[in-house]
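Student: See start_2.txt below, with compact mmCIF, N, CA and C atoms and all ligand atoms.
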# COMPACT_ATOMS: atom_id res chain seq x y z
N MET L 30 -82.32 147.19 199.34
CA MET L 30 -81.39 147.31 198.23
C MET L 30 -80.96 145.92 197.72
N LEU L 31 -80.72 145.00 198.66
CA LEU L 31 -80.29 143.66 198.25
C LEU L 31 -81.34 142.99 197.37
N THR L 32 -82.61 143.16 197.73
CA THR L 32 -83.68 142.57 196.93
C THR L 32 -83.71 143.18 195.54
N ALA L 33 -83.57 144.49 195.48
CA ALA L 33 -83.57 145.17 194.17
C ALA L 33 -82.39 144.69 193.32
N LEU L 34 -81.23 144.55 193.94
CA LEU L 34 -80.05 144.07 193.21
C LEU L 34 -80.29 142.65 192.69
N TYR L 35 -80.86 141.82 193.55
CA TYR L 35 -81.12 140.43 193.17
C TYR L 35 -82.09 140.36 191.99
N ILE L 36 -83.16 141.12 192.06
CA ILE L 36 -84.17 141.10 190.98
C ILE L 36 -83.55 141.61 189.67
N ALA L 37 -82.79 142.69 189.76
CA ALA L 37 -82.16 143.25 188.55
C ALA L 37 -81.22 142.23 187.92
N GLN L 38 -80.47 141.54 188.76
CA GLN L 38 -79.54 140.54 188.23
C GLN L 38 -80.29 139.36 187.60
N GLU L 39 -81.38 138.95 188.23
CA GLU L 39 -82.20 137.87 187.68
C GLU L 39 -82.74 138.25 186.30
N GLN L 40 -83.13 139.49 186.15
CA GLN L 40 -83.73 139.93 184.90
C GLN L 40 -82.71 140.12 183.79
N GLU L 41 -81.53 140.60 184.13
CA GLU L 41 -80.57 140.97 183.09
C GLU L 41 -79.34 140.05 183.03
N GLY L 42 -79.22 139.12 183.96
CA GLY L 42 -78.07 138.21 183.95
C GLY L 42 -76.89 138.74 184.73
N CYS L 43 -76.74 140.04 184.80
CA CYS L 43 -75.70 140.67 185.61
C CYS L 43 -76.16 142.09 185.92
N LEU L 44 -75.45 142.72 186.82
CA LEU L 44 -75.82 144.08 187.21
C LEU L 44 -75.07 145.08 186.34
N THR L 45 -75.75 145.60 185.35
CA THR L 45 -75.14 146.60 184.48
C THR L 45 -75.06 147.93 185.24
N SER L 46 -74.22 148.82 184.76
CA SER L 46 -74.12 150.12 185.43
C SER L 46 -75.44 150.88 185.32
N GLU L 47 -76.18 150.65 184.23
CA GLU L 47 -77.49 151.31 184.09
C GLU L 47 -78.44 150.79 185.17
N ALA L 48 -78.43 149.49 185.39
CA ALA L 48 -79.31 148.91 186.41
C ALA L 48 -78.95 149.45 187.80
N LEU L 49 -77.65 149.55 188.08
CA LEU L 49 -77.23 150.06 189.39
C LEU L 49 -77.64 151.52 189.57
N LYS L 50 -77.53 152.29 188.50
CA LYS L 50 -77.95 153.70 188.58
C LYS L 50 -79.46 153.80 188.82
N ARG L 51 -80.22 152.94 188.11
CA ARG L 51 -81.69 152.94 188.29
C ARG L 51 -82.07 152.60 189.74
N ILE L 52 -81.38 151.61 190.30
CA ILE L 52 -81.66 151.20 191.68
C ILE L 52 -81.36 152.36 192.64
N ALA L 53 -80.22 153.00 192.42
CA ALA L 53 -79.85 154.14 193.28
C ALA L 53 -80.91 155.24 193.19
N GLU L 54 -81.37 155.49 191.97
CA GLU L 54 -82.38 156.53 191.76
C GLU L 54 -83.68 156.18 192.48
N ARG L 55 -84.15 154.94 192.23
CA ARG L 55 -85.43 154.51 192.81
C ARG L 55 -85.39 154.49 194.34
N LEU L 56 -84.25 154.06 194.90
CA LEU L 56 -84.16 153.96 196.35
C LEU L 56 -83.64 155.25 196.99
N ARG L 57 -83.37 156.23 196.13
CA ARG L 57 -82.86 157.53 196.58
C ARG L 57 -81.61 157.36 197.47
N LEU L 58 -80.69 156.59 196.92
CA LEU L 58 -79.42 156.36 197.61
C LEU L 58 -78.28 156.85 196.73
N PRO L 59 -77.14 157.17 197.32
CA PRO L 59 -75.99 157.54 196.50
C PRO L 59 -75.58 156.36 195.61
N GLU L 60 -75.23 156.64 194.36
CA GLU L 60 -74.79 155.57 193.45
C GLU L 60 -73.62 154.80 194.05
N SER L 61 -72.72 155.50 194.73
CA SER L 61 -71.54 154.84 195.30
C SER L 61 -71.94 153.77 196.30
N GLU L 62 -73.01 154.00 197.05
CA GLU L 62 -73.48 153.02 198.03
C GLU L 62 -74.00 151.77 197.33
N VAL L 63 -74.74 151.97 196.26
CA VAL L 63 -75.30 150.83 195.52
C VAL L 63 -74.17 150.06 194.83
N PHE L 64 -73.24 150.77 194.21
CA PHE L 64 -72.11 150.12 193.53
C PHE L 64 -71.25 149.34 194.53
N SER L 65 -70.98 149.94 195.68
CA SER L 65 -70.10 149.24 196.64
C SER L 65 -70.81 148.03 197.24
N THR L 66 -72.11 148.11 197.43
CA THR L 66 -72.85 146.95 197.95
C THR L 66 -72.82 145.83 196.91
N ALA L 67 -73.05 146.17 195.65
CA ALA L 67 -73.06 145.16 194.59
C ALA L 67 -71.70 144.49 194.47
N SER L 68 -70.64 145.23 194.68
CA SER L 68 -69.31 144.63 194.53
C SER L 68 -68.87 143.87 195.78
N PHE L 69 -69.52 144.12 196.92
CA PHE L 69 -69.13 143.45 198.17
C PHE L 69 -69.56 141.98 198.18
N TYR L 70 -70.77 141.70 197.74
CA TYR L 70 -71.32 140.35 197.84
C TYR L 70 -70.95 139.50 196.63
N THR L 71 -70.45 138.28 196.89
CA THR L 71 -70.07 137.39 195.77
C THR L 71 -71.29 136.92 195.00
N LEU L 72 -72.46 137.08 195.57
CA LEU L 72 -73.70 136.69 194.90
C LEU L 72 -73.99 137.59 193.69
N PHE L 73 -73.49 138.82 193.76
CA PHE L 73 -73.77 139.77 192.69
C PHE L 73 -72.60 139.88 191.72
N ARG L 74 -72.95 140.09 190.45
CA ARG L 74 -71.90 140.24 189.43
C ARG L 74 -72.22 141.38 188.49
N THR L 75 -71.16 142.02 188.07
CA THR L 75 -71.32 143.17 187.18
C THR L 75 -70.85 142.86 185.76
N GLU L 76 -70.38 141.63 185.55
CA GLU L 76 -69.96 141.20 184.21
C GLU L 76 -70.83 140.02 183.78
N PRO L 77 -71.08 139.87 182.48
CA PRO L 77 -71.85 138.70 182.03
C PRO L 77 -71.13 137.40 182.40
N VAL L 78 -71.92 136.38 182.71
CA VAL L 78 -71.37 135.09 183.12
C VAL L 78 -72.09 133.96 182.39
N GLY L 79 -71.63 132.74 182.62
CA GLY L 79 -72.27 131.58 182.03
C GLY L 79 -73.63 131.30 182.66
N ARG L 80 -74.35 130.40 182.05
CA ARG L 80 -75.67 130.03 182.57
C ARG L 80 -75.56 129.46 183.99
N TYR L 81 -74.53 128.65 184.22
CA TYR L 81 -74.30 128.10 185.55
C TYR L 81 -72.98 128.67 186.09
N VAL L 82 -73.09 129.37 187.20
CA VAL L 82 -71.90 129.92 187.83
C VAL L 82 -71.51 129.02 188.99
N ILE L 83 -70.36 128.38 188.83
CA ILE L 83 -69.88 127.46 189.87
C ILE L 83 -68.89 128.22 190.74
N GLN L 84 -69.22 128.33 192.02
CA GLN L 84 -68.34 129.02 192.97
C GLN L 84 -67.81 127.99 193.96
N VAL L 85 -66.53 127.71 193.86
CA VAL L 85 -65.89 126.75 194.77
C VAL L 85 -65.31 127.53 195.94
N CYS L 86 -65.63 127.05 197.14
CA CYS L 86 -65.13 127.72 198.34
C CYS L 86 -63.65 127.41 198.54
N LYS L 87 -62.88 128.48 198.76
CA LYS L 87 -61.46 128.31 199.08
C LYS L 87 -61.17 128.80 200.49
N GLY L 88 -62.21 128.80 201.32
CA GLY L 88 -62.05 129.20 202.72
C GLY L 88 -61.27 128.17 203.50
N LEU L 89 -60.93 128.52 204.72
CA LEU L 89 -60.05 127.68 205.53
C LEU L 89 -60.60 126.28 205.78
N SER L 90 -61.89 126.18 206.16
CA SER L 90 -62.46 124.85 206.47
C SER L 90 -62.42 123.95 205.25
N CYS L 91 -62.77 124.49 204.11
CA CYS L 91 -62.75 123.69 202.88
C CYS L 91 -61.32 123.31 202.51
N TYR L 92 -60.40 124.23 202.74
CA TYR L 92 -59.00 123.97 202.45
C TYR L 92 -58.47 122.85 203.36
N LEU L 93 -58.83 122.91 204.64
CA LEU L 93 -58.31 121.95 205.62
C LEU L 93 -58.78 120.52 205.36
N VAL L 94 -59.96 120.37 204.77
CA VAL L 94 -60.40 119.00 204.45
C VAL L 94 -59.92 118.58 203.06
N GLY L 95 -59.06 119.39 202.50
CA GLY L 95 -58.44 119.01 201.23
C GLY L 95 -59.36 119.15 200.03
N GLY L 96 -60.38 119.97 200.19
CA GLY L 96 -61.36 120.07 199.11
C GLY L 96 -61.12 121.15 198.10
N ALA L 97 -60.78 122.33 198.59
CA ALA L 97 -60.75 123.50 197.73
C ALA L 97 -59.87 123.33 196.49
N GLU L 98 -58.59 123.12 196.70
CA GLU L 98 -57.65 123.04 195.57
C GLU L 98 -57.99 121.86 194.66
N ARG L 99 -58.33 120.74 195.28
CA ARG L 99 -58.64 119.53 194.51
C ARG L 99 -59.85 119.76 193.61
N LEU L 100 -60.89 120.38 194.15
CA LEU L 100 -62.10 120.61 193.36
C LEU L 100 -61.88 121.64 192.26
N VAL L 101 -61.14 122.68 192.57
CA VAL L 101 -60.85 123.69 191.55
C VAL L 101 -60.04 123.07 190.42
N ASP L 102 -58.99 122.32 190.78
CA ASP L 102 -58.17 121.64 189.76
C ASP L 102 -59.03 120.72 188.91
N TYR L 103 -59.88 119.96 189.59
CA TYR L 103 -60.72 119.01 188.87
C TYR L 103 -61.65 119.72 187.90
N LEU L 104 -62.30 120.77 188.38
CA LEU L 104 -63.25 121.51 187.52
C LEU L 104 -62.53 122.22 186.37
N GLU L 105 -61.34 122.73 186.63
CA GLU L 105 -60.58 123.39 185.55
C GLU L 105 -60.28 122.39 184.43
N ARG L 106 -59.93 121.18 184.82
CA ARG L 106 -59.64 120.15 183.81
C ARG L 106 -60.92 119.71 183.10
N LYS L 107 -61.97 119.47 183.87
CA LYS L 107 -63.23 118.98 183.29
C LYS L 107 -63.85 120.01 182.34
N LEU L 108 -63.84 121.27 182.75
CA LEU L 108 -64.48 122.32 181.94
C LEU L 108 -63.53 122.94 180.92
N GLU L 109 -62.24 122.62 181.06
CA GLU L 109 -61.20 123.15 180.18
C GLU L 109 -61.14 124.67 180.20
N ILE L 110 -61.29 125.21 181.39
CA ILE L 110 -61.13 126.65 181.62
C ILE L 110 -60.38 126.84 182.93
N LYS L 111 -59.93 128.06 183.17
CA LYS L 111 -59.31 128.40 184.45
C LYS L 111 -60.35 129.11 185.31
N ALA L 112 -60.11 129.12 186.62
CA ALA L 112 -61.00 129.86 187.51
C ALA L 112 -61.06 131.31 187.05
N GLY L 113 -62.26 131.85 186.99
CA GLY L 113 -62.45 133.22 186.52
C GLY L 113 -62.91 133.27 185.06
N GLU L 114 -62.93 132.10 184.42
CA GLU L 114 -63.30 132.06 182.99
C GLU L 114 -64.66 131.40 182.79
N THR L 115 -65.18 131.57 181.57
CA THR L 115 -66.45 130.97 181.16
C THR L 115 -66.18 130.04 179.99
N THR L 116 -66.87 128.90 179.97
CA THR L 116 -66.68 127.96 178.85
C THR L 116 -67.11 128.63 177.54
N PRO L 117 -66.50 128.26 176.41
CA PRO L 117 -66.83 128.90 175.13
C PRO L 117 -68.32 128.79 174.77
N ASP L 118 -68.99 127.73 175.24
CA ASP L 118 -70.43 127.60 174.94
C ASP L 118 -71.30 128.44 175.86
N GLY L 119 -70.68 129.17 176.79
CA GLY L 119 -71.43 130.05 177.69
C GLY L 119 -72.21 129.31 178.76
N LEU L 120 -71.88 128.04 178.95
CA LEU L 120 -72.66 127.25 179.90
C LEU L 120 -72.16 127.39 181.35
N PHE L 121 -70.83 127.37 181.53
CA PHE L 121 -70.29 127.38 182.89
C PHE L 121 -69.29 128.53 183.09
N THR L 122 -69.40 129.17 184.24
CA THR L 122 -68.37 130.09 184.70
C THR L 122 -67.83 129.50 185.99
N LEU L 123 -66.52 129.45 186.12
CA LEU L 123 -65.89 128.89 187.32
C LEU L 123 -65.26 130.01 188.13
N GLU L 124 -65.61 130.06 189.41
CA GLU L 124 -65.06 131.09 190.30
C GLU L 124 -64.62 130.44 191.60
N THR L 125 -63.75 131.10 192.32
CA THR L 125 -63.44 130.70 193.68
C THR L 125 -63.90 131.81 194.60
N VAL L 126 -64.40 131.43 195.77
CA VAL L 126 -64.90 132.41 196.74
C VAL L 126 -64.41 132.04 198.13
N GLN L 127 -64.53 132.97 199.03
CA GLN L 127 -64.13 132.73 200.42
C GLN L 127 -65.35 132.43 201.27
N CYS L 128 -65.45 131.24 201.77
CA CYS L 128 -66.46 130.79 202.72
C CYS L 128 -67.91 131.01 202.27
N LEU L 129 -68.57 129.90 202.10
CA LEU L 129 -69.98 129.91 201.72
C LEU L 129 -70.87 129.67 202.94
N ALA L 130 -70.32 129.86 204.11
CA ALA L 130 -71.05 129.69 205.37
C ALA L 130 -71.56 128.26 205.52
N SER L 131 -70.77 127.32 205.06
CA SER L 131 -71.13 125.91 205.18
C SER L 131 -69.92 125.12 205.67
N CYS L 132 -69.18 125.72 206.59
CA CYS L 132 -67.90 125.16 207.02
C CYS L 132 -68.04 123.77 207.64
N GLY L 133 -69.15 123.51 208.30
CA GLY L 133 -69.37 122.22 208.95
C GLY L 133 -69.57 121.08 207.97
N THR L 134 -69.85 121.42 206.73
CA THR L 134 -70.08 120.39 205.71
C THR L 134 -69.14 120.60 204.52
N ALA L 135 -67.94 121.08 204.85
CA ALA L 135 -66.93 121.31 203.82
C ALA L 135 -66.47 119.98 203.21
N PRO L 136 -66.02 119.99 201.97
CA PRO L 136 -65.92 121.16 201.08
C PRO L 136 -67.27 121.47 200.42
N ALA L 137 -67.42 122.76 200.12
CA ALA L 137 -68.70 123.22 199.59
C ALA L 137 -68.49 124.05 198.33
N MET L 138 -69.53 124.08 197.53
CA MET L 138 -69.54 125.00 196.39
C MET L 138 -70.99 125.38 196.11
N ARG L 139 -71.16 126.46 195.38
CA ARG L 139 -72.49 126.94 195.04
C ARG L 139 -72.59 126.98 193.52
N VAL L 140 -73.74 126.55 193.01
CA VAL L 140 -74.02 126.70 191.59
C VAL L 140 -75.27 127.56 191.50
N ASN L 141 -75.10 128.75 190.97
CA ASN L 141 -76.14 129.77 190.99
C ASN L 141 -76.63 129.93 192.43
N ASP L 142 -77.87 129.60 192.73
CA ASP L 142 -78.37 129.81 194.10
C ASP L 142 -78.35 128.55 194.95
N GLU L 143 -77.87 127.44 194.40
CA GLU L 143 -77.89 126.16 195.13
C GLU L 143 -76.54 125.86 195.77
N LEU L 144 -76.60 125.46 197.03
CA LEU L 144 -75.39 125.11 197.75
C LEU L 144 -75.20 123.59 197.72
N TYR L 145 -73.97 123.14 197.49
CA TYR L 145 -73.65 121.71 197.48
C TYR L 145 -72.54 121.47 198.50
N GLU L 146 -72.75 120.44 199.35
CA GLU L 146 -71.86 120.24 200.49
C GLU L 146 -71.27 118.84 200.49
N ASN L 147 -70.27 118.65 201.37
CA ASN L 147 -69.59 117.35 201.51
C ASN L 147 -69.18 116.82 200.13
N LEU L 148 -68.56 117.66 199.36
CA LEU L 148 -68.29 117.31 197.96
C LEU L 148 -67.09 116.39 197.79
N THR L 149 -67.20 115.59 196.77
CA THR L 149 -66.10 114.77 196.29
C THR L 149 -65.99 115.06 194.79
N THR L 150 -64.90 114.63 194.18
CA THR L 150 -64.80 114.85 192.74
C THR L 150 -65.88 114.06 192.00
N GLU L 151 -66.27 112.92 192.54
CA GLU L 151 -67.34 112.12 191.91
C GLU L 151 -68.66 112.88 191.92
N LYS L 152 -68.99 113.49 193.06
CA LYS L 152 -70.24 114.27 193.15
C LYS L 152 -70.20 115.47 192.20
N VAL L 153 -69.05 116.12 192.12
CA VAL L 153 -68.91 117.27 191.23
C VAL L 153 -69.07 116.83 189.78
N ASP L 154 -68.47 115.71 189.47
CA ASP L 154 -68.57 115.15 188.13
C ASP L 154 -70.03 114.92 187.74
N MET L 155 -70.77 114.26 188.62
CA MET L 155 -72.19 113.98 188.36
C MET L 155 -72.99 115.26 188.21
N LEU L 156 -72.74 116.21 189.08
CA LEU L 156 -73.48 117.47 189.04
C LEU L 156 -73.25 118.22 187.72
N VAL L 157 -71.99 118.33 187.31
CA VAL L 157 -71.69 119.04 186.07
C VAL L 157 -72.34 118.33 184.88
N ASP L 158 -72.28 117.00 184.89
CA ASP L 158 -72.91 116.24 183.80
C ASP L 158 -74.42 116.46 183.78
N GLN L 159 -75.05 116.48 184.97
CA GLN L 159 -76.50 116.72 185.04
C GLN L 159 -76.86 118.12 184.52
N LEU L 160 -76.05 119.10 184.88
CA LEU L 160 -76.33 120.47 184.43
C LEU L 160 -76.18 120.57 182.91
N ARG L 161 -75.16 119.90 182.38
CA ARG L 161 -74.95 119.90 180.94
C ARG L 161 -76.13 119.24 180.21
N GLU L 162 -76.57 118.09 180.75
CA GLU L 162 -77.73 117.39 180.16
C GLU L 162 -78.98 118.24 180.22
N ARG L 163 -79.19 118.91 181.36
CA ARG L 163 -80.37 119.77 181.52
C ARG L 163 -80.36 120.88 180.46
N ALA L 164 -79.19 121.47 180.25
CA ALA L 164 -79.08 122.55 179.26
C ALA L 164 -79.34 122.02 177.85
N GLU L 165 -78.84 120.81 177.57
CA GLU L 165 -79.06 120.22 176.24
C GLU L 165 -80.54 119.91 176.01
N ARG L 166 -81.20 119.37 177.05
CA ARG L 166 -82.64 119.07 176.93
C ARG L 166 -83.43 120.36 176.71
N TRP L 167 -83.07 121.40 177.44
CA TRP L 167 -83.74 122.70 177.32
C TRP L 167 -83.55 123.25 175.91
N ALA L 168 -82.33 123.14 175.38
CA ALA L 168 -82.05 123.64 174.03
C ALA L 168 -82.85 122.85 173.00
N ALA L 169 -82.94 121.50 173.20
CA ALA L 169 -83.70 120.67 172.27
C ALA L 169 -85.18 121.04 172.30
N LEU L 170 -85.71 121.30 173.50
CA LEU L 170 -87.12 121.68 173.63
C LEU L 170 -87.39 123.00 172.91
N ASN L 171 -86.46 123.92 173.02
CA ASN L 171 -86.65 125.24 172.40
C ASN L 171 -86.54 125.18 170.87
N GLN L 172 -85.88 124.14 170.34
CA GLN L 172 -85.74 124.01 168.89
C GLN L 172 -86.95 123.35 168.27
N SER L 173 -87.69 122.54 169.07
CA SER L 173 -88.82 121.81 168.50
C SER L 173 -90.10 122.65 168.49
S1 LIG L 201 -64.66 127.66 204.47
FE1 LIG L 201 -65.79 126.69 202.91
S2 LIG L 201 -67.81 126.94 203.57
FE2 LIG L 201 -66.70 128.00 205.06
Kindly return the structure encoded in the file as structure tokens.

Tutor:
Amino acid sequence: MLTALYIAQEQEGCLTSEALKRIAERLRLPESEVFSTASFYTLFRTEPVGRYVIQVCKGLSCYLVGGAERLVDYLERKLEIKAGETTPDGLFTLETVQCLASCGTAPAMRVNDELYENLTTEKVDMLVDQLRERAERWAALNQS
């Protein structure tokens, strides 16, 4: 089921209720089981999001090294959005999550499927700028 959910999300950007129903049908599982699994994992989303989904860990280890709040505050200012929102250009969605299973290298955050560890505001700054540049280059390539 997890693989099916992952593929559906990759194809459509998020897990629509139609996609969840199709998965339940194909796997011959109750819809409630598929819906509850999709809502349990932070990896899955049922609402449209930005091209890059930034998930900052607010778990205990990240909090104790002073990373969580500082990184969220920094990203909110840099992206000019609050956690839970998407930038108007649809490029970034900022979320907070509980524990990315990288406690030994806290503070951590995930951008789409990539995990970033031992973060500082400088590293976050560079990463966001790189992602923005990558998106601009991609847009320029598609226009030519
Ligand atoms: S608490 Fe942040 S990775 Fe575990």

Student: With all atoms listed in the file as the atoms that count, which of L:Leu72, L:Leu58, L:Leu120, L:Val78 lies nearest to Gly42 (chain L)?

Tutor: L:Val78

Student: Select, from L:Ala33, L:Ala97, L:Val157, L:Cys43, the residue with the minimum atom-to-atom distance to ligand LIG 201 (chain L), counting all atoms listed in the file.

Tutor: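 Answer, going by the shortest atom-to-atom distance: L:Ala97.
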
Student: Which polymer residues have any atom within 8 Å of an atom of region 104-108 of chain L, counting all atoms listed in the file, with same-chain residues fewer than 3 positions away left out, as an mmCIF file with N, CA and C atoms, in the frame of the given file?

Tutor:
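The resulting selection.cif:
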data_model
loop_
_atom_site.group_PDB
_atom_site.id
_atom_site.type_symbol
_atom_site.label_atom_id
_atom_site.label_comp_id
_atom_site.auth_asym_id
_atom_site.auth_seq_id
_atom_site.Cartn_x
_atom_site.Cartn_y
_atom_site.Cartn_z
ATOM 1 N N GLU L 98 -58.590 123.120 196.700
ATOM 2 C CA GLU L 98 -57.650 123.040 195.570
ATOM 3 C C GLU L 98 -57.990 121.860 194.660
ATOM 4 N N ARG L 99 -58.330 120.740 195.280
ATOM 5 C CA ARG L 99 -58.640 119.530 194.510
ATOM 6 C C ARG L 99 -59.850 119.760 193.610
ATOM 7 N N LEU L 100 -60.890 120.380 194.150
ATOM 8 C CA LEU L 100 -62.100 120.610 193.360
ATOM 9 C C LEU L 100 -61.880 121.640 192.260
ATOM 10 N N VAL L 101 -61.140 122.680 192.570
ATOM 11 C CA VAL L 101 -60.850 123.690 191.550
ATOM 12 C C VAL L 101 -60.040 123.070 190.420
ATOM 13 N N LYS L 111 -59.930 128.060 183.170
ATOM 14 C CA LYS L 111 -59.310 128.400 184.450
ATOM 15 C C LYS L 111 -60.350 129.110 185.310
ATOM 16 N N ALA L 112 -60.110 129.120 186.620
ATOM 17 C CA ALA L 112 -61.000 129.860 187.510
ATOM 18 C C ALA L 112 -61.060 131.310 187.050
ATOM 19 N N THR L 115 -65.180 131.570 181.570
ATOM 20 C CA THR L 115 -66.450 130.970 181.160
ATOM 21 C C THR L 115 -66.180 130.040 179.990
ATOM 22 N N THR L 116 -66.870 128.900 179.970
ATOM 23 C CA THR L 116 -66.680 127.960 178.850
ATOM 24 C C THR L 116 -67.110 128.630 177.540
ATOM 25 N N PRO L 117 -66.500 128.260 176.410
ATOM 26 C CA PRO L 117 -66.830 128.900 175.130
ATOM 27 C C PRO L 117 -68.320 128.790 174.770
ATOM 28 N N PHE L 121 -70.830 127.370 181.530
ATOM 29 C CA PHE L 121 -70.290 127.380 182.890
ATOM 30 C C PHE L 121 -69.290 128.530 183.090
ATOM 31 N N LEU L 123 -66.520 129.450 186.120
ATOM 32 C CA LEU L 123 -65.890 128.890 187.320
ATOM 33 C C LEU L 123 -65.260 130.010 188.130
ATOM 34 N N THR L 150 -64.900 114.630 194.180
ATOM 35 C CA THR L 150 -64.800 114.850 192.740
ATOM 36 C C THR L 150 -65.880 114.060 192.000
ATOM 37 N N VAL L 153 -69.050 116.120 192.120
ATOM 38 C CA VAL L 153 -68.910 117.270 191.230
ATOM 39 C C VAL L 153 -69.070 116.830 189.780
#

Student: Do you have, as CSV, the list of residues of chain L lying at most 7 Å from ligand LIG 201 (chain L), each with its nearest atom pair and that distance in Å to one decimal, counting only C-alpha atoms and all ligand atoms and ordered by chain then number?

Tutor:
residue,atom,partner,partner_atom,distance
L:Cys86,CA,L:LIG201,FE1,4.7
L:Lys87,CA,L:LIG201,FE1,6.0
L:Gly88,CA,L:LIG201,S1,3.5
L:Leu89,CA,L:LIG201,S1,4.7
L:Ser90,CA,L:LIG201,S1,4.1
L:Cys91,CA,L:LIG201,FE1,4.3
L:Gln127,CA,L:LIG201,S1,6.5
L:Cys128,CA,L:LIG201,FE2,3.6
L:Leu129,CA,L:LIG201,S2,4.1
L:Ala130,CA,L:LIG201,S2,4.6
L:Ser131,CA,L:LIG201,S2,3.8
L:Cys132,CA,L:LIG201,FE2,3.7
L:Ala135,CA,L:LIG201,FE1,5.6
L:Pro136,CA,L:LIG201,FE1,5.8
L:Ala137,CA,L:LIG201,S2,5.5

Student: Using N, CA and C atoms, can you export the residues from the last selection as a short mmCIF file (atom, residue, chain, number, x, y, z; two decimals), in the coordinates of the input?

Tutor:
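Listing of again.cif after writing:
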data_model
loop_
_atom_site.label_atom_id
_atom_site.label_comp_id
_atom_site.auth_asym_id
_atom_site.auth_seq_id
_atom_site.Cartn_x
_atom_site.Cartn_y
_atom_site.Cartn_z
N CYS L 86 -65.63 127.05 197.14
CA CYS L 86 -65.13 127.72 198.34
C CYS L 86 -63.65 127.41 198.54
N LYS L 87 -62.88 128.48 198.76
CA LYS L 87 -61.46 128.31 199.08
C LYS L 87 -61.17 128.80 200.49
N GLY L 88 -62.21 128.80 201.32
CA GLY L 88 -62.05 129.20 202.72
C GLY L 88 -61.27 128.17 203.50
N LEU L 89 -60.93 128.52 204.72
CA LEU L 89 -60.05 127.68 205.53
C LEU L 89 -60.60 126.28 205.78
N SER L 90 -61.89 126.18 206.16
CA SER L 90 -62.46 124.85 206.47
C SER L 90 -62.42 123.95 205.25
N CYS L 91 -62.77 124.49 204.11
CA CYS L 91 -62.75 123.69 202.88
C CYS L 91 -61.32 123.31 202.51
N GLN L 127 -64.53 132.97 199.03
CA GLN L 127 -64.13 132.73 200.42
C GLN L 127 -65.35 132.43 201.27
N CYS L 128 -65.45 131.24 201.77
CA CYS L 128 -66.46 130.79 202.72
C CYS L 128 -67.91 131.01 202.27
N LEU L 129 -68.57 129.90 202.10
CA LEU L 129 -69.98 129.91 201.72
C LEU L 129 -70.87 129.67 202.94
N ALA L 130 -70.32 129.86 204.11
CA ALA L 130 -71.05 129.69 205.37
C ALA L 130 -71.56 128.26 205.52
N SER L 131 -70.77 127.32 205.06
CA SER L 131 -71.13 125.91 205.18
C SER L 131 -69.92 125.12 205.67
N CYS L 132 -69.18 125.72 206.59
CA CYS L 132 -67.90 125.16 207.02
C CYS L 132 -68.04 123.77 207.64
N ALA L 135 -67.94 121.08 204.85
CA ALA L 135 -66.93 121.31 203.82
C ALA L 135 -66.47 119.98 203.21
N PRO L 136 -66.02 119.99 201.97
CA PRO L 136 -65.92 121.16 201.08
C PRO L 136 -67.27 121.47 200.42
N ALA L 137 -67.42 122.76 200.12
CA ALA L 137 -68.70 123.22 199.59
C ALA L 137 -68.49 124.05 198.33
#

Student: For Ala53 (chain L), which residue among L:Thr71, L:Ile36, L:Met30, L:Tyr145 is the nearest when counting only C-alpha atoms?

Tutor: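 The closest residue to Ala53 (chain L) is L:Met30.
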
Student: Provide the CA of Thr66 (chain L) to CA of Leu34 (chain L) distance in Å, to one decimal place.

Tutor: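 Computing the Euclidean distance for CA of Thr66 (chain L) and CA of Leu34 (chain L) yields 9.1 Å.
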
Student: Only C-alpha atoms, please: region 50-78 of chain L from the block, as a short mmCIF file (atom, residue, chain, number, x, y, z; two decimals), in the first residue's frame.

Tutor:
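The resulting selection_11.cif:
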data_model
loop_
_atom_site.label_atom_id
_atom_site.label_comp_id
_atom_site.auth_asym_id
_atom_site.auth_seq_id
_atom_site.Cartn_x
_atom_site.Cartn_y
_atom_site.Cartn_z
CA LYS L 50 -10.30 5.16 -3.64
CA ARG L 51 -8.54 3.63 -6.67
CA ILE L 52 -5.76 2.26 -4.46
CA ALA L 53 -8.30 0.76 -2.06
CA GLU L 54 -10.12 -0.83 -4.97
CA ARG L 55 -6.99 -2.23 -6.61
CA LEU L 56 -5.59 -3.60 -3.36
CA ARG L 57 -9.02 -4.80 -2.23
CA LEU L 58 -8.73 -2.98 1.06
CA PRO L 59 -11.28 -0.91 2.96
CA GLU L 60 -11.10 2.76 1.92
CA SER L 61 -10.83 3.71 5.60
CA GLU L 62 -7.59 1.72 5.89
CA VAL L 63 -6.05 3.46 2.88
CA PHE L 64 -7.21 6.91 4.03
CA SER L 65 -5.93 6.41 7.58
CA THR L 66 -2.55 5.14 6.33
CA ALA L 67 -2.20 8.14 4.01
CA SER L 68 -2.98 10.54 6.84
CA PHE L 69 -0.63 8.81 9.33
CA TYR L 70 2.64 9.34 7.47
CA THR L 71 4.02 12.88 7.09
CA LEU L 72 5.47 11.78 3.76
CA PHE L 73 1.99 11.68 2.26
CA ARG L 74 -0.25 14.66 1.59
CA THR L 75 -3.83 15.02 0.57
CA GLU L 76 -3.68 18.73 -0.30
CA PRO L 77 -1.72 20.37 -3.14
CA VAL L 78 1.67 21.71 -2.06
#
